[in-house]
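*Asks:* So here's data.txt (compact mmCIF, N, CA and C atoms).
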# COMPACT_ATOMS: atom_id res chain seq x y z
N MET P 1 0.86 -1.18 0.00
CA MET P 1 0.00 0.00 0.00
C MET P 1 0.90 1.23 0.00
N ASN P 2 0.61 2.20 -0.87
CA ASN P 2 1.46 3.38 -0.94
C ASN P 2 1.10 4.38 0.15
N LYS P 3 1.93 5.41 0.28
CA LYS P 3 1.76 6.40 1.35
C LYS P 3 0.43 7.15 1.22
N MET P 4 0.00 7.43 -0.01
CA MET P 4 -1.25 8.16 -0.23
C MET P 4 -2.44 7.34 0.24
N ASN P 5 -2.48 6.04 -0.08
CA ASN P 5 -3.57 5.18 0.38
C ASN P 5 -3.58 5.07 1.90
N THR P 6 -2.40 4.93 2.50
CA THR P 6 -2.30 4.84 3.95
C THR P 6 -2.81 6.12 4.60
N LEU P 7 -2.44 7.27 4.05
CA LEU P 7 -2.89 8.56 4.58
C LEU P 7 -4.41 8.69 4.45
N CYS P 8 -4.97 8.31 3.31
CA CYS P 8 -6.43 8.38 3.10
C CYS P 8 -7.16 7.49 4.10
N LEU P 9 -6.69 6.26 4.28
CA LEU P 9 -7.35 5.35 5.23
C LEU P 9 -7.24 5.89 6.65
N THR P 10 -6.10 6.45 7.01
CA THR P 10 -5.93 7.02 8.34
C THR P 10 -6.91 8.17 8.56
N LEU P 11 -7.05 9.05 7.56
CA LEU P 11 -8.00 10.17 7.68
C LEU P 11 -9.44 9.68 7.78
N ILE P 12 -9.79 8.65 7.02
CA ILE P 12 -11.16 8.11 7.09
C ILE P 12 -11.44 7.57 8.49
N PHE P 13 -10.52 6.78 9.04
CA PHE P 13 -10.72 6.22 10.38
C PHE P 13 -10.78 7.33 11.43
N LEU P 14 -9.96 8.36 11.27
CA LEU P 14 -9.95 9.46 12.21
C LEU P 14 -11.28 10.21 12.17
N VAL P 15 -11.78 10.50 10.98
CA VAL P 15 -13.06 11.21 10.84
C VAL P 15 -14.20 10.36 11.38
N LEU P 16 -14.23 9.09 11.04
CA LEU P 16 -15.29 8.22 11.55
C LEU P 16 -15.22 8.11 13.06
N GLY P 17 -14.03 7.96 13.60
CA GLY P 17 -13.87 7.85 15.04
C GLY P 17 -14.32 9.09 15.77
N MET P 18 -14.09 10.27 15.19
CA MET P 18 -14.51 11.51 15.83
C MET P 18 -16.02 11.69 15.76
N GLY P 19 -16.66 11.15 14.74
CA GLY P 19 -18.08 11.36 14.55
C GLY P 19 -18.96 10.41 15.34
N ILE P 20 -18.39 9.37 15.88
CA ILE P 20 -19.18 8.38 16.58
C ILE P 20 -18.97 8.54 18.07
N GLY P 21 -20.03 8.86 18.78
CA GLY P 21 -19.95 8.94 20.23
C GLY P 21 -20.32 7.62 20.86
N ASN P 22 -20.32 7.59 22.15
CA ASN P 22 -20.65 6.38 22.88
C ASN P 22 -22.06 6.52 23.45
N ALA P 23 -23.01 5.78 22.90
CA ALA P 23 -24.39 5.80 23.40
C ALA P 23 -24.58 4.58 24.28
N THR P 24 -24.66 4.80 25.57
CA THR P 24 -24.82 3.70 26.52
C THR P 24 -26.03 4.01 27.38
N PHE P 25 -27.04 3.16 27.32
CA PHE P 25 -28.21 3.40 28.15
C PHE P 25 -28.41 2.21 29.08
N SER P 26 -29.05 2.48 30.20
CA SER P 26 -29.32 1.41 31.14
C SER P 26 -30.58 1.73 31.93
N ILE P 27 -31.12 0.69 32.55
CA ILE P 27 -32.26 0.83 33.45
C ILE P 27 -31.69 1.14 34.83
N VAL P 28 -31.95 2.35 35.34
CA VAL P 28 -31.35 2.74 36.61
C VAL P 28 -32.27 2.48 37.80
N SER P 29 -33.57 2.33 37.55
CA SER P 29 -34.49 1.93 38.62
C SER P 29 -35.74 1.33 37.99
N ASN P 30 -36.42 0.51 38.78
CA ASN P 30 -37.65 -0.11 38.29
C ASN P 30 -38.54 -0.46 39.47
N SER P 31 -39.84 -0.49 39.21
CA SER P 31 -40.80 -0.87 40.25
C SER P 31 -42.09 -1.35 39.59
N ILE P 32 -42.87 -2.08 40.36
CA ILE P 32 -44.22 -2.50 39.96
C ILE P 32 -45.19 -1.70 40.83
N ASN P 33 -46.16 -1.05 40.19
CA ASN P 33 -47.14 -0.25 40.93
C ASN P 33 -48.55 -0.63 40.55
N PRO P 34 -49.37 -1.09 41.49
CA PRO P 34 -48.99 -1.40 42.87
C PRO P 34 -48.08 -2.62 42.93
N SER P 35 -47.37 -2.77 44.04
CA SER P 35 -46.37 -3.83 44.14
C SER P 35 -46.99 -5.23 44.20
N GLN P 36 -48.22 -5.35 44.68
CA GLN P 36 -48.92 -6.64 44.73
C GLN P 36 -50.10 -6.59 43.77
N VAL P 37 -50.18 -7.56 42.89
CA VAL P 37 -51.20 -7.58 41.85
C VAL P 37 -51.94 -8.90 41.91
N GLY P 38 -53.25 -8.85 41.84
CA GLY P 38 -54.06 -10.07 41.83
C GLY P 38 -54.62 -10.35 40.46
N PRO P 39 -55.19 -11.53 40.27
CA PRO P 39 -55.81 -11.89 38.99
C PRO P 39 -56.88 -10.86 38.61
N GLY P 40 -56.85 -10.47 37.34
CA GLY P 40 -57.82 -9.50 36.83
C GLY P 40 -57.45 -8.06 37.12
N GLU P 41 -56.33 -7.82 37.79
CA GLU P 41 -55.96 -6.46 38.16
C GLU P 41 -54.93 -5.87 37.20
N PHE P 42 -54.96 -4.54 37.13
CA PHE P 42 -54.03 -3.79 36.31
C PHE P 42 -52.91 -3.22 37.18
N ALA P 43 -51.73 -3.04 36.59
CA ALA P 43 -50.61 -2.40 37.27
C ALA P 43 -49.67 -1.86 36.19
N THR P 44 -48.58 -1.25 36.62
CA THR P 44 -47.59 -0.76 35.66
C THR P 44 -46.19 -1.22 36.10
N ILE P 45 -45.35 -1.41 35.10
CA ILE P 45 -43.92 -1.54 35.34
C ILE P 45 -43.35 -0.17 35.06
N ASP P 46 -42.78 0.46 36.08
CA ASP P 46 -42.22 1.80 35.94
C ASP P 46 -40.70 1.69 35.89
N LEU P 47 -40.11 2.26 34.85
CA LEU P 47 -38.67 2.18 34.63
C LEU P 47 -38.09 3.56 34.44
N VAL P 48 -36.90 3.77 34.96
CA VAL P 48 -36.13 4.97 34.64
C VAL P 48 -34.97 4.51 33.77
N VAL P 49 -34.95 5.05 32.55
CA VAL P 49 -33.91 4.70 31.58
C VAL P 49 -32.99 5.91 31.46
N SER P 50 -31.68 5.64 31.53
CA SER P 50 -30.69 6.71 31.49
C SER P 50 -29.70 6.47 30.36
N ASN P 51 -29.32 7.55 29.67
CA ASN P 51 -28.26 7.50 28.67
C ASN P 51 -26.99 7.99 29.35
N MET P 52 -26.10 7.07 29.67
CA MET P 52 -24.86 7.42 30.35
C MET P 52 -23.71 7.64 29.38
N GLY P 53 -24.02 7.64 28.09
CA GLY P 53 -23.00 7.80 27.07
C GLY P 53 -22.78 9.24 26.68
N THR P 54 -22.03 9.41 25.60
CA THR P 54 -21.68 10.75 25.12
C THR P 54 -22.40 11.12 23.83
N SER P 55 -23.25 10.23 23.33
CA SER P 55 -24.04 10.56 22.13
C SER P 55 -25.49 10.15 22.35
N THR P 56 -26.36 10.69 21.52
CA THR P 56 -27.79 10.44 21.63
C THR P 56 -28.14 9.02 21.21
N VAL P 57 -28.97 8.37 22.00
CA VAL P 57 -29.56 7.09 21.59
C VAL P 57 -30.77 7.45 20.76
N THR P 58 -30.79 7.07 19.50
CA THR P 58 -31.91 7.41 18.63
C THR P 58 -32.81 6.21 18.42
N GLY P 59 -34.09 6.49 18.32
CA GLY P 59 -35.07 5.45 18.03
C GLY P 59 -35.15 4.36 19.09
N LEU P 60 -35.05 4.74 20.36
CA LEU P 60 -35.09 3.76 21.44
C LEU P 60 -36.46 3.10 21.50
N ASN P 61 -36.47 1.78 21.48
CA ASN P 61 -37.70 0.98 21.53
C ASN P 61 -37.51 -0.16 22.51
N ALA P 62 -38.63 -0.72 22.95
CA ALA P 62 -38.60 -1.92 23.78
C ALA P 62 -39.50 -2.97 23.15
N GLU P 63 -38.98 -4.17 23.02
CA GLU P 63 -39.78 -5.33 22.63
C GLU P 63 -39.98 -6.16 23.89
N ILE P 64 -41.23 -6.50 24.17
CA ILE P 64 -41.57 -7.11 25.45
C ILE P 64 -42.15 -8.50 25.24
N ARG P 65 -41.67 -9.42 26.06
CA ARG P 65 -42.21 -10.78 26.08
C ARG P 65 -42.65 -11.09 27.51
N ALA P 66 -43.77 -11.77 27.62
CA ALA P 66 -44.29 -12.13 28.93
C ALA P 66 -44.97 -13.49 28.85
N THR P 67 -45.15 -14.10 30.01
CA THR P 67 -45.87 -15.37 30.05
C THR P 67 -47.32 -15.14 29.64
N ASN P 68 -48.03 -16.21 29.36
CA ASN P 68 -49.42 -16.11 28.91
C ASN P 68 -50.35 -15.52 29.95
N GLN P 69 -49.94 -15.48 31.20
CA GLN P 69 -50.81 -14.96 32.26
C GLN P 69 -50.77 -13.43 32.37
N ILE P 70 -49.87 -12.81 31.63
CA ILE P 70 -49.72 -11.35 31.66
C ILE P 70 -50.11 -10.78 30.30
N THR P 71 -51.01 -9.79 30.30
CA THR P 71 -51.37 -9.07 29.08
C THR P 71 -50.61 -7.75 29.11
N ILE P 72 -49.78 -7.52 28.08
CA ILE P 72 -48.93 -6.32 28.05
C ILE P 72 -48.67 -5.93 26.60
N ASN P 73 -48.49 -4.64 26.36
CA ASN P 73 -48.13 -4.16 25.03
C ASN P 73 -46.77 -4.75 24.65
N ARG P 74 -46.66 -5.30 23.47
CA ARG P 74 -45.43 -6.00 23.06
C ARG P 74 -44.36 -5.08 22.50
N ASN P 75 -44.72 -3.88 22.10
CA ASN P 75 -43.75 -2.93 21.54
C ASN P 75 -44.00 -1.55 22.12
N VAL P 76 -42.95 -0.93 22.62
CA VAL P 76 -43.06 0.41 23.18
C VAL P 76 -42.01 1.29 22.52
N ASN P 77 -42.45 2.38 21.88
CA ASN P 77 -41.55 3.34 21.26
C ASN P 77 -41.23 4.42 22.28
N ILE P 78 -39.97 4.54 22.64
CA ILE P 78 -39.55 5.50 23.65
C ILE P 78 -39.04 6.78 23.00
N GLY P 79 -38.37 6.66 21.86
CA GLY P 79 -37.87 7.84 21.15
C GLY P 79 -36.38 8.04 21.37
N ASP P 80 -35.92 9.28 21.25
CA ASP P 80 -34.50 9.60 21.39
C ASP P 80 -34.17 9.96 22.83
N LEU P 81 -32.92 9.67 23.22
CA LEU P 81 -32.47 9.96 24.58
C LEU P 81 -31.08 10.60 24.49
N SER P 82 -31.02 11.88 24.85
CA SER P 82 -29.77 12.65 24.77
C SER P 82 -28.76 12.18 25.80
N PRO P 83 -27.48 12.49 25.59
CA PRO P 83 -26.45 12.12 26.58
C PRO P 83 -26.77 12.71 27.95
N GLY P 84 -26.68 11.91 28.98
CA GLY P 84 -26.94 12.35 30.34
C GLY P 84 -28.42 12.44 30.70
N ALA P 85 -29.31 12.24 29.76
CA ALA P 85 -30.74 12.36 30.01
C ALA P 85 -31.32 11.08 30.61
N GLN P 86 -32.41 11.26 31.34
CA GLN P 86 -33.18 10.14 31.89
C GLN P 86 -34.63 10.32 31.48
N ILE P 87 -35.31 9.19 31.33
CA ILE P 87 -36.74 9.23 31.03
C ILE P 87 -37.41 8.16 31.88
N THR P 88 -38.58 8.49 32.40
CA THR P 88 -39.37 7.51 33.14
C THR P 88 -40.48 7.01 32.22
N ILE P 89 -40.58 5.70 32.10
CA ILE P 89 -41.65 5.13 31.29
C ILE P 89 -42.47 4.20 32.15
N SER P 90 -43.77 4.20 31.91
CA SER P 90 -44.70 3.32 32.61
C SER P 90 -45.34 2.40 31.58
N ILE P 91 -45.20 1.10 31.80
CA ILE P 91 -45.74 0.12 30.87
C ILE P 91 -46.87 -0.61 31.58
N PRO P 92 -48.12 -0.34 31.17
CA PRO P 92 -49.25 -0.99 31.83
C PRO P 92 -49.35 -2.47 31.46
N PHE P 93 -49.84 -3.25 32.41
CA PHE P 93 -50.10 -4.67 32.16
C PHE P 93 -51.29 -5.12 32.99
N LYS P 94 -51.81 -6.28 32.67
CA LYS P 94 -52.92 -6.87 33.42
C LYS P 94 -52.58 -8.34 33.67
N VAL P 95 -52.88 -8.77 34.89
CA VAL P 95 -52.78 -10.19 35.21
C VAL P 95 -54.12 -10.80 34.82
N LYS P 96 -54.08 -11.86 34.04
CA LYS P 96 -55.32 -12.46 33.56
C LYS P 96 -56.17 -12.99 34.71
N GLU P 97 -57.47 -13.01 34.49
CA GLU P 97 -58.45 -13.43 35.50
C GLU P 97 -58.17 -14.83 36.04
N ASP P 98 -57.73 -15.73 35.17
CA ASP P 98 -57.54 -17.13 35.58
C ASP P 98 -56.12 -17.43 36.06
N ALA P 99 -55.31 -16.39 36.27
CA ALA P 99 -53.93 -16.60 36.72
C ALA P 99 -53.91 -17.18 38.13
N LYS P 100 -53.03 -18.12 38.33
CA LYS P 100 -52.84 -18.71 39.66
C LYS P 100 -51.82 -17.88 40.42
N THR P 101 -51.82 -18.00 41.73
CA THR P 101 -50.81 -17.35 42.54
C THR P 101 -49.44 -17.82 42.08
N GLY P 102 -48.54 -16.90 41.84
CA GLY P 102 -47.21 -17.26 41.39
C GLY P 102 -46.42 -16.05 40.95
N ILE P 103 -45.24 -16.34 40.44
CA ILE P 103 -44.36 -15.30 39.94
C ILE P 103 -44.24 -15.47 38.43
N TYR P 104 -44.50 -14.39 37.71
CA TYR P 104 -44.49 -14.40 36.25
C TYR P 104 -43.39 -13.47 35.75
N GLN P 105 -42.73 -13.89 34.68
CA GLN P 105 -41.59 -13.15 34.15
C GLN P 105 -41.99 -12.27 32.97
N VAL P 106 -41.39 -11.09 32.92
CA VAL P 106 -41.50 -10.19 31.78
C VAL P 106 -40.07 -9.89 31.35
N GLU P 107 -39.80 -10.06 30.07
CA GLU P 107 -38.47 -9.77 29.53
C GLU P 107 -38.60 -8.67 28.50
N MET P 108 -37.71 -7.68 28.60
CA MET P 108 -37.75 -6.54 27.69
C MET P 108 -36.40 -6.39 27.02
N ASP P 109 -36.42 -6.28 25.71
CA ASP P 109 -35.22 -5.97 24.94
C ASP P 109 -35.31 -4.52 24.52
N PHE P 110 -34.36 -3.71 24.97
CA PHE P 110 -34.31 -2.30 24.60
C PHE P 110 -33.24 -2.14 23.54
N PHE P 111 -33.56 -1.40 22.49
CA PHE P 111 -32.58 -1.18 21.44
C PHE P 111 -32.81 0.16 20.78
N GLY P 112 -31.72 0.73 20.30
CA GLY P 112 -31.77 1.96 19.55
C GLY P 112 -31.17 1.72 18.18
N VAL P 113 -31.16 2.75 17.35
CA VAL P 113 -30.56 2.64 16.03
C VAL P 113 -29.06 2.39 16.22
N GLY P 114 -28.52 1.43 15.53
CA GLY P 114 -27.11 1.07 15.69
C GLY P 114 -26.98 -0.13 16.62
N ASP P 115 -25.91 -0.15 17.36
CA ASP P 115 -25.60 -1.32 18.18
C ASP P 115 -26.03 -1.20 19.63
N THR P 116 -26.75 -0.15 20.00
CA THR P 116 -27.16 0.00 21.39
C THR P 116 -28.25 -1.01 21.72
N TYR P 117 -28.05 -1.75 22.80
CA TYR P 117 -28.95 -2.85 23.11
C TYR P 117 -28.79 -3.26 24.57
N THR P 118 -29.87 -3.58 25.23
CA THR P 118 -29.79 -4.16 26.56
C THR P 118 -31.06 -4.97 26.82
N THR P 119 -30.95 -5.98 27.67
CA THR P 119 -32.10 -6.81 28.05
C THR P 119 -32.37 -6.58 29.53
N PHE P 120 -33.66 -6.50 29.87
CA PHE P 120 -34.08 -6.29 31.25
C PHE P 120 -35.15 -7.32 31.59
N ASN P 121 -35.03 -7.97 32.73
CA ASN P 121 -36.02 -8.95 33.18
C ASN P 121 -36.66 -8.45 34.47
N ARG P 122 -37.97 -8.69 34.59
CA ARG P 122 -38.69 -8.28 35.80
C ARG P 122 -39.66 -9.37 36.17
N SER P 123 -39.70 -9.71 37.45
CA SER P 123 -40.67 -10.67 37.97
C SER P 123 -41.89 -9.93 38.47
N ILE P 124 -43.05 -10.51 38.21
CA ILE P 124 -44.31 -9.96 38.70
C ILE P 124 -44.91 -11.00 39.62
N SER P 125 -45.19 -10.62 40.85
CA SER P 125 -45.79 -11.51 41.83
C SER P 125 -47.31 -11.33 41.81
N ALA P 126 -48.02 -12.39 41.53
CA ALA P 126 -49.48 -12.33 41.50
C ALA P 126 -50.03 -13.24 42.59
N SER P 127 -51.00 -12.72 43.33
CA SER P 127 -51.61 -13.55 44.38
C SER P 127 -53.08 -13.21 44.53
N ARG P 128 -53.83 -14.19 44.92
CA ARG P 128 -55.26 -13.98 45.17
C ARG P 128 -55.43 -13.40 46.55
N GLY P 129 -56.21 -12.30 46.61
CA GLY P 129 -56.41 -11.59 47.88
C GLY P 129 -57.29 -12.35 48.76
Please rewrite the model in this file as C-alpha cells.

*Replies:*
Amino acid sequence: MNKMNTLCLTLIFLVLGMGIGNATFSIVSNSINPSQVGPGEFATIDLVVSNMGTSTVTGLNAEIRATNQITINRNVNIGDLSPGAQITISIPFKVKEDAKTGIYQVEMDFFGVGDTYTTFNRSISASRG
C-alpha cells in the first residue's frame, strides 16, 4: 500500500472515530405499581432509563415478552435519549383473571438505532387476595 492510500485510510478512520460517540443506556431503577397484583388487576412496570454515554440514543424501543398470564403491550416506542438524560416510562399490564398465585416473568429488549442494546427482566408476583 502506498503512502497516499495509507494517509487516506488514516484520515477516514480518524473522521469516523470523531463522529461516533458512545451511546450507553441502562435501566437505573424499576418498580411495579402497585407492588402486589391479583388476577384481573391492572398495574404498571415503571422504569427509569438513562443514557450514560456521550451521544444520543436514537429510536429507542422496547420489545416485550411475557408469560401467557400477563397481558402487556409487546412494543413500546420510547424515542430519542440525549447524553446524560433520563426518562421515566410506565408500561401498563394486566394479570389475567384465571392466573394462579405465582411469579411471572417479563423480559424486555431495549434497542436503539445502531448497536445499542440491553435486556431487562422483571418478575411480577401475582396472588389472590

*Asks:* Can you pull out the residues contacting Gly102 in chain P? Cut-off 7 Å, using all atoms listed in the file, and skip same-chain residues under 3 positions away; I want them as an MDAnalysis selection string.

*Replies:* chainID P and resid 99 124:128

*Asks:* Please tabulate, as a tab-separated table, the residues of range 38-64 of chain P that come within 6.5 Å of range 90-95 of chain P, each with its closest pair of atoms and the distance in Å to one decimal, counting only N, CA and C atoms and ordering rows by chain, then residue number upward.

*Replies:*
residue	atom	partner	partner_atom	distance
P:Gly38	C	P:Val95	CA	5.6
P:Pro39	CA	P:Val95	C	4.6
P:Gly40	N	P:Val95	C	3.7
P:Glu41	C	P:Val95	N	4.2
P:Phe42	CA	P:Lys94	CA	4.4
P:Ala43	C	P:Phe93	N	4.0
P:Thr44	CA	P:Ile91	C	4.1
P:Ile45	N	P:Ile91	C	3.9
P:Asp46	CA	P:Ser90	CA	4.4
P:Leu47	N	P:Ser90	N	5.1

*Asks:* What gap, in Å, lies between atom N of Gly59 in chain P and CA of Arg122 in chain P?

*Replies:*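 A separation of 23.3 Å between them.
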
*Asks:* I'd like the contact shell of Ile87 in chain P - 8 Å cut-off, all atoms listed in the file, skipping same-chain residues fewer than 3 positions apart - returned as a PyMOL selection string.

*Replies:* chain P and resi 47-51+81+84+90

*Asks:* Compile the contact shell of Asn121 in chain P as number ranges by chain: residues with an atom at most 5 Å away, counting only N, CA and C atoms, same-chain residues fewer than 3 positions apart removed.

*Replies:* P: 106-108

*Asks:* Dump N, CA and C atoms for the selected residues as a PDB file, in the frame of the given file?

*Replies:*
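Once written, selection.pdb looks like this:
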ATOM      1  N   VAL P 106     -41.390 -11.090  32.920  1.00  0.00           N
ATOM      2  CA  VAL P 106     -41.500 -10.190  31.780  1.00  0.00           C
ATOM      3  C   VAL P 106     -40.070  -9.890  31.350  1.00  0.00           C
ATOM      4  N   GLU P 107     -39.800 -10.060  30.070  1.00  0.00           N
ATOM      5  CA  GLU P 107     -38.470  -9.770  29.530  1.00  0.00           C
ATOM      6  C   GLU P 107     -38.600  -8.670  28.500  1.00  0.00           C
ATOM      7  N   MET P 108     -37.710  -7.680  28.600  1.00  0.00           N
ATOM      8  CA  MET P 108     -37.750  -6.540  27.690  1.00  0.00           C
ATOM      9  C   MET P 108     -36.400  -6.390  27.020  1.00  0.00           C
TER      10      MET P 108
END

*Asks:* As an exercise, work out the distance from CA of Thr101 in chain P to atom C of Asn30 in chain P in Å and give it to one decimal place.

*Replies:* 21.1 Å

*Asks:* List the spatial neighbours of Asn77 in chain P as a list in words - criterion: any atom at most 7 Å away, only N, CA and C atoms, same-chain residues fewer than 2 positions off excluded.

*Replies:*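 Residues near the query, excluding close chain neighbours: Gly59, Leu60, Asn61, Ala62, Asn75 and Gly79 of chain P.
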
*Asks:* Just list as JSON, numbers by chain whatever in range 53-117 of chain P DSSP marks as strand (DSSP E or B).

*Replies:* {"P": [57, 58, 59, 60, 61, 62, 63, 64, 65, 66, 70, 71, 72, 75, 76, 77, 78, 79, 80, 81, 86, 87, 88, 89, 90, 91, 92, 93, 94, 95, 102, 103, 104, 105, 106, 107, 108, 109, 110, 111, 117]}

*Asks:* Go through P:Ile27, P:Tyr104, P:Ile78, P:Asn33 one by one, measure the shortest atom-to-atom distance of each to Glu63 in chain P using only C-alpha atoms, and give the residue with the smallest value.

*Replies:* P:Ile78

*Asks:* May I ask for the distance between atom N of Val57 in chain P and atom C of Phe120 in chain P, given in Å to one decimal place?

*Replies:*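 Going from atom N of Val57 in chain P over to atom C of Phe120 in chain P covers 19.4 Å.
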
*Asks:* Tell me which residues come within 7 Å of (-44.5, -9.5, 30.5), as a tab-separated table (two decimals) with N, CA and C atoms, in the coordinates of the input, counting all atoms listed in the file in the file's coordinates.

*Replies:*
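What ended up in selection-v4.tsv:
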chain	number	residue	atom	x	y	z
P	64	ILE	N	-41.23	-6.50	24.17
P	64	ILE	CA	-41.57	-7.11	25.45
P	64	ILE	C	-42.15	-8.50	25.24
P	65	ARG	N	-41.67	-9.42	26.06
P	65	ARG	CA	-42.21	-10.78	26.08
P	65	ARG	C	-42.65	-11.09	27.51
P	66	ALA	N	-43.77	-11.77	27.62
P	66	ALA	CA	-44.29	-12.13	28.93
P	66	ALA	C	-44.97	-13.49	28.85
P	67	THR	N	-45.15	-14.10	30.01
P	67	THR	CA	-45.87	-15.37	30.05
P	67	THR	C	-47.32	-15.14	29.64
P	70	ILE	N	-49.87	-12.81	31.63
P	70	ILE	CA	-49.72	-11.35	31.66
P	70	ILE	C	-50.11	-10.78	30.30
P	71	THR	N	-51.01	-9.79	30.30
P	71	THR	CA	-51.37	-9.07	29.08
P	71	THR	C	-50.61	-7.75	29.11
P	72	ILE	N	-49.78	-7.52	28.08
P	72	ILE	CA	-48.93	-6.32	28.05
P	72	ILE	C	-48.67	-5.93	26.60
P	104	TYR	N	-44.50	-14.39	37.71
P	104	TYR	CA	-44.49	-14.40	36.25
P	104	TYR	C	-43.39	-13.47	35.75
P	105	GLN	N	-42.73	-13.89	34.68
P	105	GLN	CA	-41.59	-13.15	34.15
P	105	GLN	C	-41.99	-12.27	32.97
P	106	VAL	N	-41.39	-11.09	32.92
P	106	VAL	CA	-41.50	-10.19	31.78
P	106	VAL	C	-40.07	-9.89	31.35
P	107	GLU	N	-39.80	-10.06	30.07
P	107	GLU	CA	-38.47	-9.77	29.53
P	107	GLU	C	-38.60	-8.67	28.50

*Asks:* Among range 3-124 of chain P, which ones does DSSP assign to helix (DSSP H, G or I) (computed from the backbone)? Answer as a list in words.

*Replies:*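 Residues of range 3-124 of chain P classed as helix (DSSP H, G or I): Lys3, Met4, Asn5, Thr6, Leu7, Cys8, Leu9, Thr10, Leu11, Ile12, Phe13, Leu14, Val15, Leu16, Gly17, Met18 and Gly19 of chain P.
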